[in-house]
>>> print(open('coords_22.txt').read())   # compact mmCIF, C-alpha atoms and all ligand atoms
# COMPACT_ATOMS: atom_id res chain seq x y z
CA MET A 1 18.22 0.88 -39.85
CA GLN A 2 16.04 1.34 -36.86
CA GLN A 3 16.67 3.73 -34.01
CA ALA A 4 15.30 3.79 -30.49
CA THR A 5 15.91 6.03 -27.52
CA THR A 6 15.67 4.62 -24.02
CA THR A 7 15.79 6.51 -20.74
CA SER A 8 16.15 3.63 -18.29
CA GLU A 9 17.77 0.23 -17.92
CA LYS A 10 14.29 -1.30 -17.89
CA GLN A 11 13.42 0.24 -21.26
CA THR A 12 16.56 -1.16 -22.89
CA PHE A 13 15.82 -4.55 -21.34
CA ASN A 14 12.26 -4.47 -22.68
CA LEU A 15 13.36 -3.33 -26.14
CA ALA A 16 15.69 -6.33 -26.43
CA LYS A 17 13.01 -8.61 -25.03
CA LYS A 18 10.68 -7.46 -27.78
CA ILE A 19 13.36 -7.94 -30.45
CA ALA A 20 13.76 -11.53 -29.25
CA LYS A 21 10.24 -12.26 -30.49
CA ASP A 22 11.43 -11.81 -34.10
CA ILE A 23 14.37 -14.17 -33.74
CA LYS A 24 14.12 -17.37 -35.73
CA GLY A 25 17.46 -19.03 -34.98
CA GLY A 26 20.87 -18.69 -36.61
CA GLU A 27 21.14 -14.96 -35.89
CA ILE A 28 24.35 -13.33 -34.78
CA ILE A 29 23.93 -10.04 -32.98
CA GLY A 30 27.01 -7.87 -32.59
CA LEU A 31 26.76 -5.32 -29.80
CA THR A 32 28.95 -2.23 -29.89
CA GLY A 33 29.13 0.70 -27.52
CA ASN A 34 31.35 2.04 -24.76
CA LEU A 35 31.87 0.67 -21.25
CA GLY A 36 28.58 0.77 -19.38
CA ALA A 37 26.53 1.59 -22.47
CA GLY A 38 24.08 -1.21 -21.76
CA LYS A 39 25.29 -4.18 -23.83
CA THR A 40 24.81 -6.63 -20.96
CA ILE A 41 21.39 -5.19 -20.12
CA PHE A 42 20.40 -5.64 -23.76
CA THR A 43 21.64 -9.25 -23.63
CA LYS A 44 19.65 -9.92 -20.46
CA GLY A 45 16.50 -8.61 -22.15
CA LEU A 46 17.09 -10.74 -25.24
CA ALA A 47 17.64 -13.80 -23.05
CA ALA A 48 14.42 -13.12 -21.15
CA GLY A 49 12.57 -12.77 -24.46
CA LEU A 50 13.91 -16.16 -25.55
CA GLY A 51 12.54 -17.72 -22.38
CA ILE A 52 15.80 -18.08 -20.45
CA LYS A 53 15.12 -18.00 -16.71
CA GLN A 54 18.76 -18.26 -15.60
CA THR A 55 20.60 -15.11 -14.55
CA VAL A 56 22.66 -13.79 -17.44
CA ASN A 57 25.92 -12.11 -16.45
CA SER A 58 28.75 -10.86 -18.58
CA PRO A 59 31.16 -13.68 -19.45
CA THR A 60 34.14 -11.36 -19.17
CA PHE A 61 36.53 -13.97 -17.80
CA VAL A 62 35.28 -17.07 -19.58
CA LEU A 63 34.68 -15.22 -22.89
CA MET A 64 31.66 -17.35 -23.77
CA LYS A 65 28.61 -18.78 -22.02
CA VAL A 66 25.99 -21.10 -23.47
CA TYR A 67 22.42 -20.92 -22.15
CA GLN A 68 20.08 -23.73 -23.03
CA ILE A 69 16.52 -22.90 -23.96
CA ARG A 70 14.21 -25.59 -22.64
CA ASN A 71 11.01 -24.22 -24.11
CA GLN A 72 9.43 -27.05 -26.13
CA LYS A 73 7.76 -24.62 -28.49
CA SER A 74 10.98 -22.83 -29.41
CA GLU A 75 13.13 -23.93 -32.33
CA ILE A 76 16.01 -22.16 -30.66
CA LYS A 77 17.94 -24.37 -28.31
CA ASN A 78 20.93 -22.23 -27.31
CA LEU A 79 21.82 -18.64 -26.64
CA ILE A 80 25.55 -18.04 -26.93
CA HIS A 81 26.78 -14.97 -25.08
CA ILE A 82 30.30 -13.80 -25.93
CA ASP A 83 32.17 -10.88 -24.38
CA ALA A 84 35.11 -9.90 -26.57
CA TYR A 85 36.33 -7.11 -24.27
CA ARG A 86 39.47 -8.97 -23.15
CA ILE A 87 40.20 -10.55 -26.49
CA LYS A 88 43.66 -9.73 -27.76
CA HIS A 89 43.31 -11.59 -31.01
CA GLU A 90 40.43 -13.04 -33.03
CA GLN A 91 42.17 -16.40 -32.76
CA ASP A 92 41.08 -16.58 -29.09
CA ILE A 93 37.45 -16.73 -30.17
CA ILE A 94 38.16 -19.37 -32.78
CA ALA A 95 40.06 -21.39 -30.15
CA ILE A 96 37.05 -21.62 -27.83
CA GLY A 97 34.91 -22.97 -30.66
CA ALA A 98 32.53 -20.02 -30.87
CA GLN A 99 32.38 -20.13 -34.65
CA GLU A 100 30.78 -23.55 -34.54
CA TYR A 101 27.63 -21.92 -33.23
CA PHE A 102 27.48 -19.22 -35.92
CA ALA A 103 26.13 -21.60 -38.54
CA ARG A 104 23.66 -23.41 -36.32
CA PRO A 105 19.99 -22.68 -37.00
CA ASP A 106 19.10 -23.76 -33.46
CA SER A 107 21.37 -21.18 -31.83
CA VAL A 108 21.48 -17.43 -31.43
CA THR A 109 24.77 -15.68 -30.70
CA ILE A 110 25.08 -12.29 -29.05
CA ILE A 111 28.49 -10.67 -28.78
CA GLU A 112 29.52 -7.71 -26.59
CA TRP A 113 32.38 -5.63 -28.03
CA ALA A 114 31.71 -7.24 -31.40
CA ASP A 115 33.85 -4.61 -33.15
CA LYS A 116 36.92 -6.28 -31.63
CA ILE A 117 36.33 -9.50 -33.57
CA LYS A 118 34.61 -8.06 -36.63
CA LYS A 119 37.06 -9.83 -38.95
CA ILE A 120 35.81 -13.30 -38.03
CA LEU A 121 32.09 -12.52 -37.86
CA PRO A 122 29.85 -13.77 -40.68
CA LYS A 123 28.37 -11.27 -43.14
CA LYS A 124 24.90 -11.93 -41.78
CA THR A 125 25.86 -10.43 -38.39
CA ARG A 126 23.43 -7.73 -37.32
CA PHE A 127 25.06 -4.94 -35.39
CA VAL A 128 23.40 -3.05 -32.58
CA ASN A 129 25.14 0.08 -31.35
CA ILE A 130 24.28 1.60 -27.98
CA LYS A 131 25.34 5.20 -27.43
CA ASN A 132 25.44 6.66 -23.94
CA LYS A 133 23.98 10.16 -24.22
CA GLY A 134 24.55 11.01 -20.56
CA GLY A 135 22.50 10.14 -17.50
CA ASP A 136 20.19 7.27 -18.32
CA LYS A 137 19.67 8.21 -21.94
CA ARG A 138 20.80 5.76 -24.61
CA ILE A 139 20.41 5.82 -28.38
CA ILE A 140 20.19 2.34 -29.83
CA ASN A 141 20.79 1.79 -33.55
CA ILE A 142 19.79 -1.53 -34.97
N1 LIG B 1 18.78 3.55 -20.83
C1 LIG B 1 19.62 2.65 -20.28
N2 LIG B 1 19.82 1.48 -20.90
C2 LIG B 1 20.69 0.58 -20.39
N3 LIG B 1 21.42 0.75 -19.26
C3 LIG B 1 21.23 1.91 -18.60
C4 LIG B 1 20.34 2.90 -19.06
N4 LIG B 1 20.38 3.95 -18.21
C5 LIG B 1 21.24 3.63 -17.26
N5 LIG B 1 21.78 2.41 -17.47
C6 LIG B 1 22.82 1.79 -16.63
O1 LIG B 1 23.98 1.64 -17.43
C7 LIG B 1 24.65 0.44 -17.06
C8 LIG B 1 24.78 -0.47 -18.25
O2 LIG B 1 25.55 -1.55 -17.85
P1 LIG B 1 25.91 -2.79 -18.76
O3 LIG B 1 26.68 -3.72 -17.91
O4 LIG B 1 24.71 -3.29 -19.46
O5 LIG B 1 26.87 -2.10 -19.83
P2 LIG B 1 27.85 -2.80 -20.84
O6 LIG B 1 27.73 -2.04 -22.12
O7 LIG B 1 27.59 -4.24 -20.87
O8 LIG B 1 29.26 -2.52 -20.18
P3 LIG B 1 30.64 -3.30 -20.40
O9 LIG B 1 31.30 -2.64 -21.55
O10 LIG B 1 31.38 -3.08 -19.13
O11 LIG B 1 30.35 -4.72 -20.66
C9 LIG B 1 23.86 -0.18 -15.93
O12 LIG B 1 24.39 0.22 -14.70
C10 LIG B 1 22.47 0.41 -16.14
O13 LIG B 1 21.72 0.49 -14.94
MG MG B 2 28.80 -5.91 -20.50
>>> encode(input="coords_22.txt", output="structure tokens")
Amino acid sequence: MQQATTTSEKQTFNLAKKIAKDIKGGEIIGLTGNLGAGKTIFTKGLAAGLGIKQTVNSPTFVLMKVYQIRNQKSEIKNLIHIDAYRIKHEQDIIAIGAQEYFARPDSVTIIEWADKIKKILPKKTRFVNIKNKGGDKRIINI
């Protein structure tokens, strides 16, 4: 386990952007942490690190968004961003076809509120917890 402390939104963004450099494809990243902890900021940083230029916003109402990666040099073709906050049952995630991406080596999936759908996540899922320590301080466990 790896731990980092950040003291600004920008630092969390940059941490995730750096982590993106180690991504090979097929990863599933499960974000946990309270409301406003920084899960979406982390996702935005990861997306930037993967070369996504589009604005990444939380897919709270649509549950899932797919961002295409057009970088020729990258083996990774899609970033799947899921927000499980409103999910009442794991079945909702299965119904939108999210699981089909989990096994794809050309896709990376990042899930906010991953603890809500833990039961259907593959064993290889890597969890990242963001703890709000008050003010702008966050402790990030990877
Ligand atoms: N060190 C930090 N890292 C990340 N965000 C920070 C930090 N310090 C302050 N913030 C602020 O905390 C908020 C984090 O918001 P964000 O939407 O990323 O949280 P979230 O975990 O996705 O929330 P939600 O559960 O509603 O989806 C932002 O307003 C951001 O500016
Ligand atoms: Mg969010």
>>> closest_atom_pairs(input="coords_22.txt", of="chain A", to="ligand LIG 1 (chain B)", cutoff="10 Å", atoms="all atoms listed in the file", output="tab-separated table")
residue	atom	partner	partner_atom	distance
A:Thr5	CA	B:LIG1	N1	7.7
A:Thr6	CA	B:LIG1	N1	4.6
A:Thr7	CA	B:LIG1	N1	4.2
A:Ser8	CA	B:LIG1	N1	3.7
A:Glu9	CA	B:LIG1	N2	3.8
A:Lys10	CA	B:LIG1	N2	6.9
A:Gln11	CA	B:LIG1	N1	6.3
A:Thr12	CA	B:LIG1	N2	4.6
A:Phe13	CA	B:LIG1	C2	7.1
A:Asn14	CA	B:LIG1	N2	9.8
A:Leu15	CA	B:LIG1	N2	9.6
A:Leu31	CA	B:LIG1	O6	8.4
A:Thr32	CA	B:LIG1	O6	7.9
A:Gly33	CA	B:LIG1	O6	6.2
A:Asn34	CA	B:LIG1	O9	5.7
A:Leu35	CA	B:LIG1	O9	3.4
A:Gly36	CA	B:LIG1	O5	3.4
A:Ala37	CA	B:LIG1	O6	3.8
A:Gly38	CA	B:LIG1	O4	3.2
A:Lys39	CA	B:LIG1	O6	3.7
A:Thr40	CA	B:LIG1	O4	3.7
A:Ile41	CA	B:LIG1	O4	3.9
A:Phe42	CA	B:LIG1	O4	6.5
A:Thr43	CA	B:LIG1	O4	7.9
A:Lys44	CA	B:LIG1	O4	8.4
A:Asn57	CA	B:LIG1	O3	8.5
A:Ser58	CA	B:LIG1	O11	6.7
A:Pro59	CA	B:LIG1	O11	9.1
A:Thr60	CA	B:LIG1	O11	7.8
A:Asp83	CA	B:LIG1	O11	7.4
A:Ala84	CA	B:LIG1	O11	9.2
A:Tyr85	CA	B:LIG1	O9	7.3
A:Glu112	CA	B:LIG1	O11	6.7
A:Trp113	CA	B:LIG1	O9	7.2
A:Asn129	CA	B:LIG1	O6	9.8
A:Ile130	CA	B:LIG1	O6	7.7
A:Lys131	CA	B:LIG1	O6	9.3
A:Asn132	CA	B:LIG1	C1	8.0
A:Lys133	CA	B:LIG1	N1	9.1
A:Gly134	CA	B:LIG1	N4	8.5
A:Gly135	CA	B:LIG1	N4	6.6
A:Asp136	CA	B:LIG1	N4	3.3
A:Lys137	CA	B:LIG1	N1	4.9
A:Arg138	CA	B:LIG1	N1	4.8
A:Ile139	CA	B:LIG1	N1	8.1
A:Ile140	CA	B:LIG1	N2	9.0
>>> residues_around(input="coords_22.txt", residues="Gly26 (chain A)", least_positions_apart="5", cutoff="8 Å", atoms="only C-alpha atoms", output="PyMOL selection string")
chain A and resi 102-109
>>> closest_residue(input="coords_22.txt", among="A:Glu100, A:Gln91, A:Ala114, A:Gly25", to="ligand MG 2 (chain B)", atoms="only C-alpha atoms and all ligand atoms")
A:Ala114
>>> closest_residue(input="coords_22.txt", among="A:Leu63, A:Ile142, A:Leu121, A:Ile28", to="ligand MG 2 (chain B)", atoms="all atoms listed in the file")
A:Leu63
>>> closest_residue(input="coords_22.txt", among="A:Ala98, A:Ile82, A:Leu50, A:Ile69", to="ligand MG 2 (chain B)", atoms="all atoms listed in the file")
A:Ile82
>>> atom_distance(input="coords_22.txt", atom1="CA of Gln54 (chain A)", atom2="CA of Gly30 (chain A)")
21.6 Å
>>> atom_distance(input="coords_22.txt", atom1="CA of Tyr67 (chain A)", atom2="CA of Ile19 (chain A)")
17.9 Å
>>> atom_distance(input="coords_22.txt", atom1="CA of Asp115 (chain A)", atom2="CA of Lys88 (chain A)")
12.3 Å
>>> closest_residue(input="coords_22.txt", among="A:Lys73, A:Lys24, A:Arg86, A:Lys18", to="ligand MG 2 (chain B)", atoms="only C-alpha atoms and all ligand atoms")
A:Arg86
>>> closest_residue(input="coords_22.txt", among="A:Ala16, A:Val56, A:Ala48, A:Ile93", to="Asn71 (chain A)", atoms="all atoms listed in the file")
A:Ala48
>>> closest_residue(input="coords_22.txt", among="A:Met1, A:Ile87, A:Ile117, A:Ile111", to="ligand MG 2 (chain B)", atoms="all atoms listed in the file")
A:Ile111
>>> residues_near_point(input="coords_22.txt", point="(26.1, -14.4, -24.6)", cutoff="6 Å", atoms="only C-alpha atoms", output="PyMOL selection string")
chain A and resi 65+80-82+110
>>> decode(input="coords_22.txt", residues="region 2-133 of chain A", atoms="C-alpha atoms", output="compact mmCIF listing (two decimals), in the first residue's frame")
# COMPACT_ATOMS: atom_id res chain seq x y z
CA GLN A 2 1.08 3.47 -0.84
CA GLN A 3 0.01 6.62 0.94
CA ALA A 4 0.09 10.22 -0.16
CA THR A 5 -1.03 13.44 1.46
CA THR A 6 -2.28 16.30 -0.69
CA THR A 7 -3.13 19.82 0.40
CA SER A 8 -4.87 21.11 -2.72
CA GLU A 9 -7.16 20.00 -5.52
CA LYS A 10 -4.28 20.52 -7.94
CA GLN A 11 -2.03 18.14 -6.01
CA THR A 12 -4.64 15.37 -6.08
CA PHE A 13 -5.17 15.97 -9.79
CA ASN A 14 -1.43 15.75 -10.43
CA LEU A 15 -1.03 12.62 -8.31
CA ALA A 16 -3.67 10.83 -10.38
CA LYS A 17 -2.15 12.17 -13.58
CA LYS A 18 1.16 10.63 -12.56
CA ILE A 19 -0.49 7.31 -11.66
CA ALA A 20 -1.99 7.24 -15.17
CA LYS A 21 1.52 6.84 -16.58
CA ASP A 22 1.75 3.35 -15.03
CA ILE A 23 -1.55 2.17 -16.49
CA LYS A 24 -1.28 -0.53 -19.11
CA GLY A 25 -4.95 -1.24 -19.87
CA GLY A 26 -7.45 -3.57 -18.23
CA GLU A 27 -7.20 -1.88 -14.83
CA ILE A 28 -10.20 -1.26 -12.63
CA ILE A 29 -9.76 1.49 -10.07
CA GLY A 30 -12.29 1.64 -7.25
CA LEU A 31 -12.50 5.02 -5.56
CA THR A 32 -13.86 5.26 -2.03
CA GLY A 33 -14.25 8.25 0.25
CA ASN A 34 -16.96 10.55 1.52
CA LEU A 35 -18.90 13.22 -0.37
CA GLY A 36 -16.49 15.86 -1.62
CA ALA A 37 -13.40 13.84 -0.76
CA GLY A 38 -11.94 14.32 -4.23
CA LYS A 39 -12.95 11.22 -6.21
CA THR A 40 -13.97 13.25 -9.26
CA ILE A 41 -10.83 15.39 -9.07
CA PHE A 42 -8.77 12.19 -8.98
CA THR A 43 -10.68 10.90 -12.03
CA LYS A 44 -10.06 14.15 -13.91
CA GLY A 45 -6.33 13.84 -13.21
CA LEU A 46 -6.25 10.23 -14.35
CA ALA A 47 -8.11 11.17 -17.54
CA ALA A 48 -5.66 13.99 -18.23
CA GLY A 49 -2.77 11.57 -17.71
CA LEU A 50 -4.31 9.21 -20.25
CA GLY A 51 -4.44 12.02 -22.79
CA ILE A 52 -8.16 12.79 -22.63
CA LYS A 53 -8.79 16.42 -23.55
CA GLN A 54 -12.56 16.36 -23.01
CA THR A 55 -13.98 17.75 -19.77
CA VAL A 56 -14.63 14.94 -17.32
CA ASN A 57 -17.63 15.44 -15.04
CA SER A 58 -19.25 13.10 -12.60
CA PRO A 59 -21.73 10.81 -14.37
CA THR A 60 -24.10 10.93 -11.41
CA PHE A 61 -27.28 10.76 -13.47
CA VAL A 62 -26.15 8.55 -16.33
CA LEU A 63 -24.11 6.23 -14.06
CA MET A 64 -21.46 5.63 -16.71
CA LYS A 65 -19.54 7.63 -19.29
CA VAL A 66 -17.10 6.33 -21.89
CA TYR A 67 -14.24 8.58 -23.02
CA GLN A 68 -12.35 7.58 -26.12
CA ILE A 69 -8.60 7.95 -26.16
CA ARG A 70 -7.46 8.99 -29.61
CA ASN A 71 -3.75 8.92 -28.92
CA GLN A 72 -2.18 6.67 -31.57
CA LYS A 73 0.64 5.68 -29.26
CA SER A 74 -1.64 4.50 -26.47
CA GLU A 75 -2.85 0.90 -26.26
CA ILE A 76 -5.71 2.17 -24.14
CA LYS A 77 -8.72 3.14 -26.17
CA ASN A 78 -11.38 3.87 -23.55
CA LEU A 79 -11.70 5.31 -20.08
CA ILE A 80 -14.92 4.20 -18.39
CA HIS A 81 -16.06 6.47 -15.58
CA ILE A 82 -18.77 5.08 -13.31
CA ASP A 83 -20.42 6.85 -10.39
CA ALA A 84 -22.19 4.33 -8.16
CA TYR A 85 -23.53 6.93 -5.71
CA ARG A 86 -27.17 6.55 -6.80
CA ILE A 87 -27.02 2.82 -7.33
CA LYS A 88 -29.61 0.96 -5.31
CA HIS A 89 -28.55 -2.47 -6.44
CA GLU A 90 -25.51 -3.96 -8.18
CA GLN A 91 -27.88 -5.19 -10.87
CA ASP A 92 -28.16 -1.59 -12.15
CA ILE A 93 -24.49 -1.63 -13.09
CA ILE A 94 -24.78 -5.00 -14.78
CA ALA A 95 -27.82 -3.71 -16.70
CA ILE A 96 -25.90 -0.83 -18.28
CA GLY A 97 -23.23 -3.23 -19.53
CA ALA A 98 -20.39 -1.90 -17.41
CA GLN A 99 -18.98 -5.35 -16.72
CA GLU A 100 -18.24 -5.83 -20.40
CA TYR A 101 -15.46 -3.29 -20.06
CA PHE A 102 -13.87 -4.91 -17.00
CA ALA A 103 -12.22 -7.64 -19.03
CA ARG A 104 -11.07 -5.47 -21.90
CA PRO A 105 -7.31 -4.87 -22.12
CA ASP A 106 -7.91 -1.71 -24.15
CA SER A 107 -10.04 -0.07 -21.46
CA VAL A 108 -9.52 1.38 -18.00
CA THR A 109 -12.44 1.67 -15.60
CA ILE A 110 -12.61 4.09 -12.70
CA ILE A 111 -15.51 3.90 -10.28
CA GLU A 112 -16.60 6.49 -7.70
CA TRP A 113 -18.33 5.01 -4.64
CA ALA A 114 -16.89 1.63 -5.59
CA ASP A 115 -17.73 0.22 -2.14
CA LYS A 116 -21.41 0.28 -3.16
CA ILE A 117 -20.85 -2.29 -5.91
CA LYS A 118 -17.94 -4.19 -4.39
CA LYS A 119 -19.76 -7.51 -4.84
CA ILE A 120 -19.62 -7.36 -8.64
CA LEU A 121 -16.10 -5.95 -9.01
CA PRO A 122 -13.33 -8.29 -10.19
CA LYS A 123 -10.63 -9.39 -7.74
CA LYS A 124 -8.04 -7.40 -9.64
CA THR A 125 -9.78 -4.11 -8.71
CA ARG A 126 -7.37 -1.67 -7.12
CA PHE A 127 -8.96 0.48 -4.46
CA VAL A 128 -8.02 4.07 -3.79
CA ASN A 129 -9.40 5.65 -0.63
CA ILE A 130 -9.45 9.42 -0.19
CA LYS A 131 -9.89 10.70 3.35
CA ASN A 132 -10.87 14.30 3.98
CA LYS A 133 -8.74 15.48 6.89
